[in-house]
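A short write-up of the structure that comes next.
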Amino acid sequence: MFEICAGAILTQNTAWRNVERALTALSGDKLLASEKIAAAGYGRLYRALRPAGYYRQKARRLKDFCRYTLKAHPEGLRGWFSGNAEALREELLSLKGIGPETADSILLYAAGKPKFVIDAYTRRIFVRLGFPDRREYGVWQRRFESSLPPDVRLYNEYHALLVALGKDYCKKTAPLCGKCPLKRMCAAARIN
DNA sequence: ACCCAGGTGGCCC
DNA sequence: GGGCCACATGGG
């Protein structure tokens, strides 16, 4: 659970491959826990996080997240994440370095709350499908959440499809064909 | 030698 | 509210 939170912060504008390297380094240095990172010096964090880029910024953000967790929720992540989703989201957003996408990734993947994550792949793909190119995160999110049942498994699956497809799709110029695995989601979301 | 990657916050107008 | 910019490493 902690590793998922760390990954959500580390993957900001960064290829997942490089995030994995940083997570491996954290693991190797026995730093995959709030207490460990909160107590660790920045030099040690910099060394582990360097492969993920923005390593000074991310070290600070990760440490802030850990210190907040220990101070505000000494019962641990499990207890903290079992609370109300909207309250949890507001709490996460109040931390420096956690914006809407990172907060929702933590909510969906670590806390198991039905929040639809809007990322660069999602926008890129749906703009190409004819979605109006709105910049506001909340506008995008409401579009999905008001069309889909609040089901964690479903959101997980759809987001995974978008990411998997996005890695190829963003390089292609052809529109989505009828066999596209996203067709089902488009139908469910009443798109096209 | 470029350009980009599953963002975010700060600053300016 | 919108338009820049810094942040940093690894891969194409």
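Ordered as shown in the structure tokens, chains take letters A, B, and onward, while each chain numbers its residues from 1 and ligands are numbered from 1 in the order shown.
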Each chain A residue no farther than 9 Å from chain C, nearest pair in Å, only C-alpha atoms (C1' of nucleotides), as a Markdown table:
```
| residue | atom | partner | partner_atom | distance |
| --- | --- | --- | --- | --- |
| A:Thr14 | CA | C:DT9 | C1' | 8.8 |
| A:Ala15 | CA | C:DG10 | C1' | 8.5 |
| A:Arg17 | CA | C:DG10 | C1' | 8.8 |
| A:Asn18 | CA | C:DG10 | C1' | 7.0 |
| A:Arg50 | CA | C:DT9 | C1' | 6.8 |
| A:Pro51 | CA | C:DT9 | C1' | 5.4 |
| A:Ala52 | CA | C:DT9 | C1' | 6.1 |
| A:Gly53 | CA | C:DT9 | C1' | 4.3 |
| A:Tyr54 | CA | C:DA8 | C1' | 4.6 |
| A:Tyr55 | CA | C:DA8 | C1' | 7.0 |
| A:Arg56 | CA | C:DC7 | C1' | 8.5 |
| A:Gln57 | CA | C:DC7 | C1' | 7.0 |
```
### Message
Please find the residues of chain A near chain B - the criterion being any atom within 12 Å, counting only C-alpha atoms (C1' of nucleotides) - and write them as a PyMOL selection string.
### Response
chain A and resi 7-19+52-54+57-58+61+93+95-105+117-124+137+159-160+162-164+166-167+170-171
### Query
Running DSSP on the backbone, which parts of chain A land in helix (DSSP H, G or I), as a PyMOL selection string?
chain A and resi 2-10+16-28+34-39+42-52+55-72+77-81+85-93+100-110+120-128+137-145+152-169+182-188
